[in-house]
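Colleague: Sending over upload.tsv (TSV, C-alpha atoms).
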```tsv
chain	number	residue	atom	x	y	z
L	270	MET	CA	-11.63	-102.99	-90.75
L	271	VAL	CA	-12.60	-106.55	-91.66
L	272	GLU	CA	-16.13	-106.95	-93.05
L	273	LEU	CA	-17.88	-110.22	-92.27
L	274	LYS	CA	-20.09	-111.36	-95.15
L	275	THR	CA	-23.50	-112.95	-94.77
L	276	ASP	CA	-24.35	-116.27	-96.40
L	277	LEU	CA	-26.29	-114.39	-99.09
L	278	SER	CA	-23.33	-112.12	-99.74
L	279	ILE	CA	-21.03	-115.11	-100.06
L	280	ASP	CA	-23.45	-116.65	-102.56
L	281	ALA	CA	-23.30	-113.41	-104.56
L	282	MET	CA	-19.50	-113.46	-104.39
L	283	HIS	CA	-19.60	-117.01	-105.72
L	284	GLU	CA	-21.42	-115.71	-108.81
L	285	ALA	CA	-18.65	-113.16	-109.37
L	286	GLY	CA	-16.09	-115.88	-108.70
L	287	GLN	CA	-17.56	-118.08	-111.39
L	288	VAL	CA	-17.17	-115.29	-113.95
L	289	VAL	CA	-13.49	-115.23	-112.96
L	290	ALA	CA	-13.27	-119.00	-113.25
L	291	ARG	CA	-14.79	-118.97	-116.75
L	292	ALA	CA	-12.45	-116.24	-117.94
L	293	LEU	CA	-9.32	-117.94	-116.65
L	294	THR	CA	-10.40	-121.29	-118.11
L	295	ALA	CA	-11.04	-119.68	-121.50
L	296	ALA	CA	-7.73	-117.82	-121.48
L	297	ARG	CA	-5.77	-120.87	-120.41
L	298	ASP	CA	-7.43	-123.02	-123.08
L	299	ALA	CA	-6.61	-120.42	-125.73
L	300	ALA	CA	-2.99	-119.92	-124.67
L	301	ASP	CA	-0.77	-121.57	-127.26
L	302	VAL	CA	2.40	-120.94	-129.19
L	303	GLY	CA	1.88	-117.82	-131.32
L	304	VAL	CA	-1.04	-116.43	-129.32
L	305	SER	CA	-0.43	-112.90	-128.01
L	306	LEU	CA	-1.03	-111.72	-124.47
L	307	LEU	CA	-3.37	-109.07	-125.90
L	308	ASP	CA	-5.40	-111.89	-127.46
L	309	LEU	CA	-5.85	-113.45	-124.01
L	310	ASP	CA	-6.84	-110.09	-122.50
L	311	ALA	CA	-9.46	-109.60	-125.24
L	312	LEU	CA	-10.86	-113.06	-124.59
L	313	ALA	CA	-11.14	-112.36	-120.85
L	314	HIS	CA	-12.82	-109.04	-121.65
L	315	ASP	CA	-15.40	-110.91	-123.75
L	316	VAL	CA	-16.26	-113.15	-120.78
L	317	LEU	CA	-16.85	-110.06	-118.63
L	318	ARG	CA	-19.17	-108.52	-121.19
L	319	GLU	CA	-21.16	-111.71	-121.65
L	320	ALA	CA	-21.68	-111.94	-117.88
L	321	GLY	CA	-22.61	-108.28	-117.48
L	322	ALA	CA	-19.63	-107.88	-115.16
L	323	SER	CA	-16.90	-105.24	-114.93
L	324	SER	CA	-13.19	-105.36	-114.22
L	325	PRO	CA	-11.64	-104.25	-110.91
L	326	PHE	CA	-8.24	-104.38	-112.66
L	327	LEU	CA	-8.90	-102.02	-115.57
L	328	GLY	CA	-7.98	-98.49	-114.52
L	329	TYR	CA	-6.79	-99.57	-111.07
L	330	ARG	CA	-4.01	-97.34	-109.76
L	331	PRO	CA	-2.53	-98.02	-106.32
L	332	SER	CA	0.02	-95.67	-104.81
L	333	PHE	CA	3.05	-97.45	-106.32
L	334	ALA	CA	1.75	-97.40	-109.89
L	335	PRO	CA	2.89	-94.71	-112.36
L	336	THR	CA	-0.21	-95.19	-114.52
L	337	PRO	CA	-3.63	-96.88	-114.23
L	338	PHE	CA	-3.57	-100.56	-115.14
L	339	PRO	CA	-4.53	-100.75	-118.84
L	340	ALA	CA	-6.09	-104.23	-119.08
L	341	VAL	CA	-8.57	-106.62	-117.46
L	342	LEU	CA	-6.02	-109.43	-117.19
L	343	CYS	CA	-2.58	-109.59	-115.59
L	344	ALA	CA	-0.35	-111.77	-117.80
L	345	SER	CA	3.08	-112.57	-116.35
L	346	VAL	CA	5.52	-114.69	-118.36
L	347	ASN	CA	8.62	-116.61	-117.20
L	348	ASP	CA	10.57	-114.35	-114.78
L	349	ALA	CA	7.57	-112.05	-114.24
L	350	ILE	CA	6.00	-112.80	-110.86
L	351	VAL	CA	2.80	-110.72	-110.92
L	352	HIS	CA	1.13	-107.63	-112.45
L	353	GLY	CA	2.31	-108.27	-116.01
L	354	ILE	CA	0.66	-105.96	-118.54
L	355	PRO	CA	-0.65	-107.78	-121.63
L	356	THR	CA	1.33	-106.80	-124.71
L	357	ARG	CA	1.78	-107.96	-128.31
L	358	TYR	CA	4.24	-110.59	-127.05
L	359	ARG	CA	3.39	-113.94	-128.66
L	360	LEU	CA	3.74	-117.02	-126.51
L	361	ARG	CA	6.65	-119.32	-127.25
L	362	ASP	CA	7.22	-123.01	-126.78
L	363	GLY	CA	8.10	-123.66	-123.12
L	364	ASP	CA	6.86	-120.36	-121.69
L	365	LEU	CA	5.59	-120.34	-118.11
L	366	VAL	CA	2.50	-118.13	-117.87
L	367	SER	CA	0.68	-116.76	-114.83
L	368	LEU	CA	-2.73	-115.17	-115.40
L	369	ASP	CA	-4.47	-113.12	-112.70
L	370	PHE	CA	-8.04	-111.94	-113.20
L	371	GLY	CA	-10.86	-110.27	-111.30
L	372	ALA	CA	-14.53	-109.60	-111.93
L	373	GLU	CA	-17.08	-107.37	-110.24
L	374	LEU	CA	-20.69	-108.51	-110.51
L	375	ASN	CA	-23.63	-106.92	-108.70
L	376	GLY	CA	-21.25	-105.07	-106.41
L	377	TRP	CA	-19.15	-108.07	-105.38
L	378	VAL	CA	-15.63	-109.03	-106.48
L	379	GLY	CA	-13.92	-112.33	-107.26
L	380	ASP	CA	-10.17	-112.69	-107.76
L	381	SER	CA	-8.10	-115.68	-108.88
L	382	ALA	CA	-4.88	-116.66	-110.64
L	383	VAL	CA	-3.47	-119.69	-112.43
L	384	SER	CA	-0.02	-120.70	-113.69
L	385	PHE	CA	0.66	-123.11	-116.56
L	386	THR	CA	3.13	-123.87	-119.33
L	387	VAL	CA	2.77	-123.48	-123.09
L	388	GLY	CA	3.94	-126.15	-125.51
L	389	ARG	CA	6.61	-128.53	-124.25
L	390	PRO	CA	7.02	-127.95	-120.51
L	391	ARG	CA	10.28	-127.87	-118.60
L	392	PRO	CA	10.20	-130.41	-115.75
L	393	ALA	CA	11.42	-127.71	-113.37
L	394	ASP	CA	8.46	-125.51	-114.32
L	395	LEU	CA	5.99	-128.31	-113.69
L	396	ARG	CA	7.49	-128.88	-110.26
L	397	LEU	CA	7.32	-125.14	-109.50
L	398	ILE	CA	3.65	-124.94	-110.49
L	399	GLU	CA	2.76	-128.12	-108.62
L	400	THR	CA	4.39	-126.76	-105.48
L	401	ALA	CA	2.52	-123.46	-105.85
L	402	GLU	CA	-0.75	-125.35	-106.11
L	403	ARG	CA	0.10	-127.43	-103.04
L	404	ALA	CA	0.93	-124.25	-101.14
L	405	LEU	CA	-2.43	-122.78	-102.14
L	406	ALA	CA	-4.23	-125.95	-101.05
L	407	ALA	CA	-2.40	-125.87	-97.71
L	408	GLY	CA	-3.36	-122.24	-97.17
L	409	ILE	CA	-6.98	-122.95	-97.99
L	410	GLU	CA	-7.04	-125.95	-95.65
L	411	ALA	CA	-5.87	-123.67	-92.82
L	412	ALA	CA	-8.64	-121.11	-93.53
L	413	VAL	CA	-11.04	-122.35	-90.85
L	414	VAL	CA	-12.84	-120.78	-87.92
L	415	GLY	CA	-10.60	-120.79	-84.86
L	416	ASN	CA	-7.32	-120.52	-86.74
L	417	ARG	CA	-5.46	-117.26	-87.32
L	418	ILE	CA	-4.00	-115.47	-90.33
L	419	GLY	CA	-0.58	-116.74	-89.26
L	420	ASP	CA	-1.78	-120.33	-89.68
L	421	ILE	CA	-2.58	-119.66	-93.35
L	422	ALA	CA	0.74	-117.88	-93.84
L	423	HIS	CA	2.69	-120.65	-92.12
L	424	ALA	CA	0.99	-123.36	-94.17
L	425	ILE	CA	1.84	-121.60	-97.44
L	426	GLY	CA	5.37	-120.69	-96.45
L	427	THR	CA	6.22	-124.18	-95.23
L	428	VAL	CA	5.35	-125.76	-98.58
L	429	CYS	CA	7.25	-123.08	-100.51
L	430	ARG	CA	10.41	-123.21	-98.42
L	431	GLU	CA	10.50	-127.00	-98.23
L	432	GLY	CA	10.41	-126.97	-102.03
L	433	GLY	CA	13.48	-124.70	-102.09
L	434	TYR	CA	11.62	-121.71	-103.53
L	435	GLY	CA	11.73	-118.01	-102.80
L	436	ILE	CA	8.78	-115.94	-101.60
L	437	PRO	CA	8.61	-112.30	-102.76
L	438	ASP	CA	8.82	-110.18	-99.63
L	439	GLY	CA	5.83	-107.99	-98.87
L	440	PHE	CA	3.41	-109.57	-101.35
L	441	GLY	CA	0.59	-111.94	-100.53
L	442	GLY	CA	-3.16	-112.27	-100.28
L	443	HIS	CA	-5.85	-109.97	-98.93
L	444	GLY	CA	-9.45	-109.64	-97.97
L	445	VAL	CA	-11.93	-109.25	-100.80
L	446	GLY	CA	-15.58	-108.26	-101.01
L	447	ARG	CA	-17.09	-105.02	-102.24
L	448	ARG	CA	-13.57	-103.99	-103.20
L	449	MET	CA	-10.74	-106.00	-104.69
L	450	HIS	CA	-8.37	-105.25	-101.81
L	451	GLU	CA	-9.79	-105.22	-98.29
L	452	ASP	CA	-8.46	-106.02	-94.84
L	453	PRO	CA	-6.84	-108.22	-93.71
L	454	ALA	CA	-3.49	-108.81	-95.39
L	455	VAL	CA	-2.70	-112.52	-95.83
L	456	PRO	CA	1.10	-113.03	-95.96
L	457	ASN	CA	2.67	-116.00	-97.71
L	458	GLU	CA	4.95	-116.72	-94.75
L	459	GLY	CA	4.41	-116.37	-91.03
L	460	ARG	CA	4.16	-117.94	-87.61
L	461	PRO	CA	1.30	-120.24	-86.66
L	462	GLY	CA	-1.07	-119.08	-83.96
L	463	ARG	CA	-0.35	-115.43	-84.63
L	464	GLY	CA	-2.36	-112.66	-86.23
L	465	LEU	CA	-6.04	-111.96	-86.65
L	466	PRO	CA	-8.44	-114.76	-85.62
L	467	LEU	CA	-10.39	-116.25	-88.52
L	468	ARG	CA	-14.17	-115.85	-88.23
L	469	LYS	CA	-17.20	-117.07	-90.13
L	470	GLY	CA	-17.97	-114.66	-92.96
L	471	MET	CA	-14.42	-113.57	-93.71
L	472	VAL	CA	-13.54	-113.82	-97.40
L	473	LEU	CA	-9.88	-113.96	-98.39
L	474	ALA	CA	-7.90	-114.01	-101.60
L	475	ILE	CA	-5.15	-116.52	-100.84
L	476	GLU	CA	-2.30	-116.29	-103.35
L	477	PRO	CA	1.11	-117.96	-103.10
L	478	MET	CA	3.89	-116.55	-105.29
L	479	LEU	CA	7.00	-118.70	-105.76
L	480	VAL	CA	10.44	-117.85	-107.18
L	481	ALA	CA	12.24	-120.83	-108.70
L	482	GLY	CA	15.74	-119.63	-107.87
L	483	GLY	CA	15.10	-119.72	-104.13
L	484	THR	CA	15.73	-116.02	-103.52
L	485	ASP	CA	13.11	-113.48	-102.44
L	486	GLY	CA	14.31	-110.46	-104.39
L	487	TYR	CA	12.29	-108.76	-107.11
L	488	HIS	CA	12.17	-105.46	-108.97
L	489	ALA	CA	9.69	-103.46	-110.98
L	490	ALA	CA	10.06	-103.51	-114.76
L	491	PRO	CA	10.21	-100.21	-116.70
L	492	ASP	CA	6.42	-100.30	-117.15
L	493	GLY	CA	6.14	-99.69	-113.40
L	494	TRP	CA	3.75	-102.60	-112.93
L	495	THR	CA	5.39	-105.93	-113.77
L	496	LEU	CA	7.42	-107.42	-110.91
L	497	ARG	CA	10.34	-109.57	-112.05
L	498	THR	CA	12.64	-111.89	-110.13
L	499	ASP	CA	16.03	-110.37	-109.31
L	500	ASP	CA	17.84	-113.60	-110.16
L	501	GLY	CA	16.08	-114.02	-113.52
L	502	SER	CA	14.56	-117.34	-112.52
L	503	ARG	CA	10.98	-118.24	-113.28
L	504	ALA	CA	8.00	-117.61	-111.03
L	505	ALA	CA	4.53	-119.04	-110.44
L	506	HIS	CA	1.42	-117.40	-108.98
L	507	VAL	CA	-1.83	-119.13	-108.05
L	508	GLU	CA	-4.85	-117.75	-106.21
L	509	HIS	CA	-8.42	-118.42	-105.12
L	510	THR	CA	-11.07	-116.35	-103.38
L	511	VAL	CA	-12.08	-118.34	-100.29
L	512	ALA	CA	-14.93	-117.83	-97.81
L	513	ILE	CA	-14.57	-119.01	-94.23
L	514	THR	CA	-17.75	-120.84	-93.24
L	515	GLU	CA	-18.95	-123.02	-90.40
L	516	ASP	CA	-18.56	-125.99	-92.75
L	517	GLY	CA	-14.98	-125.15	-93.68
L	518	PRO	CA	-13.39	-123.15	-96.49
L	519	ARG	CA	-15.55	-122.52	-99.57
L	520	ILE	CA	-13.63	-121.80	-102.79
L	521	LEU	CA	-15.66	-119.17	-104.64
L	522	THR	CA	-13.47	-119.12	-107.75
L	523	ALA	CA	-13.15	-122.89	-108.25
L	524	ARG	CA	-12.68	-123.87	-111.89
L	525	THR	CA	-14.29	-126.97	-113.38
L	526	SER	CA	-11.26	-127.75	-115.56
```
Please rewrite the model in this file as structure tokens.
Modeller:
Amino acid sequence: MVELKTDLSIDAMHEAGQVVARALTAARDAADVGVSLLDLDALAHDVLREAGASSPFLGYRPSFAPTPFPAVLCASVNDAIVHGIPTRYRLRDGDLVSLDFGAELNGWVGDSAVSFTVGRPRPADLRLIETAERALAAGIEAAVVGNRIGDIAHAIGTVCREGGYGIPDGFGGHGVGRRMHEDPAVPNEGRPGRGLPLRKGMVLAIEPMLVAGGTDGYHAAPDGWTLRTDDGSRAAHVEHTVAITEDGPRILTARTS
């Protein structure tokens, strides 16, 4: 069932979203050659504590997971698409990093992700990230009253495919609110004019995931959480929590930098 949020609820979700934005900005600013993924997780944890917020990631265990997720931050590097567990791995020159983070504040959840490079970037990585961001922007632009879920999916998928990139099958965005994952599912590829109509008060986590090699295949790493590209190519993941309003899409997790 899809829950429609009131204007006051969306304002409260914006507060949670800004905790997410601050944590991702802090982690991205701190990410440098020699910094460990555990260091970034600790920094994000500090932001949660300072805000009086909690993590919807820590301890989360969906049906596919062999163990509860052990961190507040998903940190996926190079060929890892999503769900990377922070480890002692220290970032290297040229790494492509995707960070996914959520916060729960006063009973409401925000969820967002960002991809970036460390040190000297590869031009191909910059193009991959730029395309992911354009796909996200296209999906957000389609998140208006009167459109359908398929319009968001089509907008994202068109940008990804025209760029020559793969889209991991079966993974995409979702509704968000009192829980991190709510109805409806928001695919990253689809047909326009199809699917659930978009209504005022819906709040969606829109999150393109792109595979540089152009294939859609992926597999779970031995940790049971991290999803890696089958072809070994690099991946990018970007995400925002977006409310559908009468005035157009409102990005609740917008970052100031």
Colleague: Restricting the calculation to only C-alpha atoms, which member of L:Val428, L:Ala523, L:Ala406, L:Leu365 is positioned closest to L:Pro390?
Modeller: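 Going through L:Val428, L:Ala523, L:Ala406, L:Leu365 one by one, the smallest distance to L:Pro390 is for L:Leu365.
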Colleague: Could you please determine the separation between atom CA of L:Arg357 and atom CA of L:Ile475 in Å, to one decimal place?
Modeller: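 Computing the Euclidean distance for atom CA of L:Arg357 and atom CA of L:Ile475 yields 29.6 Å.
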Colleague: Which polymer residues have any atom within 8 Å of an atom of L:Ser323, counting all atoms listed in the file, with same-chain residues fewer than 2 positions away left out, as a PyMOL selection string?
Modeller: chain L and resi 317-318+321+325+372-374
Colleague: From the options L:Ile354, L:Ala299, L:Ile513, L:Ala505, which residue's atoms come nearest to L:Thr336, counting only C-alpha atoms?
Modeller: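 Looking only at the distances to L:Thr336, the closest residue turns out to be L:Ile354.
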Colleague: When you count all atoms listed in the file, which of these residues is closest to L:Glu515: L:Val414, L:Ala349, L:Gly435, L:Asp452?
Modeller: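 Once distances to L:Glu515 are computed over all atoms listed in the file, the minimum belongs to L:Val414.
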Colleague: Counting all atoms listed in the file, what is within 6 Å of L:His443, bar same-chain residues fewer than 5 positions away, as a PyMOL selection string?
Modeller: chain L and resi 453-455+473-474
Colleague: Please extract stretch 311-394 of chain L and write it out with C-alpha atoms, as a PDB file, in the first residue's frame.
Modeller:
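Writing done, so here's selection18.pdb:
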```pdb
ATOM      1  CA  ALA L 311      32.555   6.459  11.684  1.00  0.00           C
ATOM      2  CA  LEU L 312      32.242  10.010  10.372  1.00  0.00           C
ATOM      3  CA  ALA L 313      28.701   9.348   9.123  1.00  0.00           C
ATOM      4  CA  HIS L 314      27.858   7.800  12.498  1.00  0.00           C
ATOM      5  CA  ASP L 315      29.039  10.995  14.200  1.00  0.00           C
ATOM      6  CA  VAL L 316      26.640  13.068  12.078  1.00  0.00           C
ATOM      7  CA  LEU L 317      23.752  10.825  13.153  1.00  0.00           C
ATOM      8  CA  ARG L 318      24.614  11.200  16.823  1.00  0.00           C
ATOM      9  CA  GLU L 319      24.951  14.966  16.589  1.00  0.00           C
ATOM     10  CA  ALA L 320      21.501  15.183  14.974  1.00  0.00           C
ATOM     11  CA  GLY L 321      19.854  12.819  17.445  1.00  0.00           C
ATOM     12  CA  ALA L 322      19.011  10.524  14.541  1.00  0.00           C
ATOM     13  CA  SER L 323      19.324   6.764  14.077  1.00  0.00           C
ATOM     14  CA  SER L 324      20.332   4.550  11.177  1.00  0.00           C
ATOM     15  CA  PRO L 325      17.845   2.493   9.137  1.00  0.00           C
ATOM     16  CA  PHE L 326      20.846   0.656   7.643  1.00  0.00           C
ATOM     17  CA  LEU L 327      22.515  -0.594  10.824  1.00  0.00           C
ATOM     18  CA  GLY L 328      21.127  -4.019  11.674  1.00  0.00           C
ATOM     19  CA  TYR L 329      18.905  -4.142   8.587  1.00  0.00           C
ATOM     20  CA  ARG L 330      18.399  -7.694   7.333  1.00  0.00           C
ATOM     21  CA  PRO L 331      16.211  -8.306   4.283  1.00  0.00           C
ATOM     22  CA  SER L 332      15.405 -11.828   3.148  1.00  0.00           C
ATOM     23  CA  PHE L 333      18.457 -12.140   0.861  1.00  0.00           C
ATOM     24  CA  ALA L 334      20.995 -11.125   3.503  1.00  0.00           C
ATOM     25  CA  PRO L 335      22.963 -13.765   5.441  1.00  0.00           C
ATOM     26  CA  THR L 336      23.631 -11.342   8.310  1.00  0.00           C
ATOM     27  CA  PRO L 337      22.336  -7.956   9.511  1.00  0.00           C
ATOM     28  CA  PHE L 338      24.064  -5.008   7.860  1.00  0.00           C
ATOM     29  CA  PRO L 339      26.910  -4.006  10.206  1.00  0.00           C
ATOM     30  CA  ALA L 340      27.309  -0.284   9.421  1.00  0.00           C
ATOM     31  CA  VAL L 341      25.430   2.993   8.957  1.00  0.00           C
ATOM     32  CA  LEU L 342      26.979   3.647   5.544  1.00  0.00           C
ATOM     33  CA  CYS L 343      27.101   1.573   2.369  1.00  0.00           C
ATOM     34  CA  ALA L 344      30.512   2.106   0.734  1.00  0.00           C
ATOM     35  CA  SER L 345      30.921   0.549  -2.722  1.00  0.00           C
ATOM     36  CA  VAL L 346      34.234   0.895  -4.560  1.00  0.00           C
ATOM     37  CA  ASN L 347      35.027   0.455  -8.277  1.00  0.00           C
ATOM     38  CA  ASP L 348      33.194  -2.697  -9.504  1.00  0.00           C
ATOM     39  CA  ALA L 349      30.873  -2.744  -6.466  1.00  0.00           C
ATOM     40  CA  ILE L 350      27.449  -1.445  -7.480  1.00  0.00           C
ATOM     41  CA  VAL L 351      25.620  -1.148  -4.150  1.00  0.00           C
ATOM     42  CA  HIS L 352      25.477  -2.464  -0.559  1.00  0.00           C
ATOM     43  CA  GLY L 353      29.235  -2.409   0.032  1.00  0.00           C
ATOM     44  CA  ILE L 354      30.157  -3.052   3.661  1.00  0.00           C
ATOM     45  CA  PRO L 355      32.731  -0.586   5.031  1.00  0.00           C
ATOM     46  CA  THR L 356      36.023  -2.335   5.758  1.00  0.00           C
ATOM     47  CA  ARG L 357      39.622  -1.419   6.566  1.00  0.00           C
ATOM     48  CA  TYR L 358      40.233  -0.923   2.833  1.00  0.00           C
ATOM     49  CA  ARG L 359      42.089   2.354   2.316  1.00  0.00           C
ATOM     50  CA  LEU L 360      41.134   4.421  -0.688  1.00  0.00           C
ATOM     51  CA  ARG L 361      43.592   4.537  -3.567  1.00  0.00           C
ATOM     52  CA  ASP L 362      44.332   7.071  -6.242  1.00  0.00           C
ATOM     53  CA  GLY L 363      41.689   6.789  -8.977  1.00  0.00           C
ATOM     54  CA  ASP L 364      39.099   4.819  -7.006  1.00  0.00           C
ATOM     55  CA  LEU L 365      35.436   5.307  -7.886  1.00  0.00           C
ATOM     56  CA  VAL L 366      33.369   5.418  -4.700  1.00  0.00           C
ATOM     57  CA  SER L 367      29.604   5.213  -4.196  1.00  0.00           C
ATOM     58  CA  LEU L 368      28.244   6.065  -0.742  1.00  0.00           C
ATOM     59  CA  ASP L 369      24.649   5.296   0.246  1.00  0.00           C
ATOM     60  CA  PHE L 370      23.270   6.566   3.549  1.00  0.00           C
ATOM     61  CA  GLY L 371      19.999   6.810   5.441  1.00  0.00           C
ATOM     62  CA  ALA L 372      18.808   8.558   8.586  1.00  0.00           C
ATOM     63  CA  GLU L 373      15.702   8.214  10.716  1.00  0.00           C
ATOM     64  CA  LEU L 374      14.668  11.328  12.627  1.00  0.00           C
ATOM     65  CA  ASN L 375      11.444  11.716  14.604  1.00  0.00           C
ATOM     66  CA  GLY L 376      10.014   8.636  12.929  1.00  0.00           C
ATOM     67  CA  TRP L 377      10.760   9.658   9.336  1.00  0.00           C
ATOM     68  CA  VAL L 378      13.455   8.365   6.983  1.00  0.00           C
ATOM     69  CA  GLY L 379      15.687  10.004   4.371  1.00  0.00           C
ATOM     70  CA  ASP L 380      17.809   8.043   1.899  1.00  0.00           C
ATOM     71  CA  SER L 381      20.404   9.245  -0.614  1.00  0.00           C
ATOM     72  CA  ALA L 382      23.559   8.198  -2.457  1.00  0.00           C
ATOM     73  CA  VAL L 383      26.464   9.869  -4.227  1.00  0.00           C
ATOM     74  CA  SER L 384      29.281   8.673  -6.490  1.00  0.00           C
ATOM     75  CA  PHE L 385      32.663  10.376  -6.892  1.00  0.00           C
ATOM     76  CA  THR L 386      36.317   9.690  -7.615  1.00  0.00           C
ATOM     77  CA  VAL L 387      39.337   9.873  -5.317  1.00  0.00           C
ATOM     78  CA  GLY L 388      42.599  11.452  -6.420  1.00  0.00           C
ATOM     79  CA  ARG L 389      43.231  11.627 -10.157  1.00  0.00           C
ATOM     80  CA  PRO L 390      40.016  10.641 -11.932  1.00  0.00           C
ATOM     81  CA  ARG L 391      39.729   8.465 -15.003  1.00  0.00           C
ATOM     82  CA  PRO L 392      37.840  10.315 -17.758  1.00  0.00           C
ATOM     83  CA  ALA L 393      35.626   7.255 -18.225  1.00  0.00           C
ATOM     84  CA  ASP L 394      34.641   7.380 -14.551  1.00  0.00           C
TER      85      ASP L 394
END
```
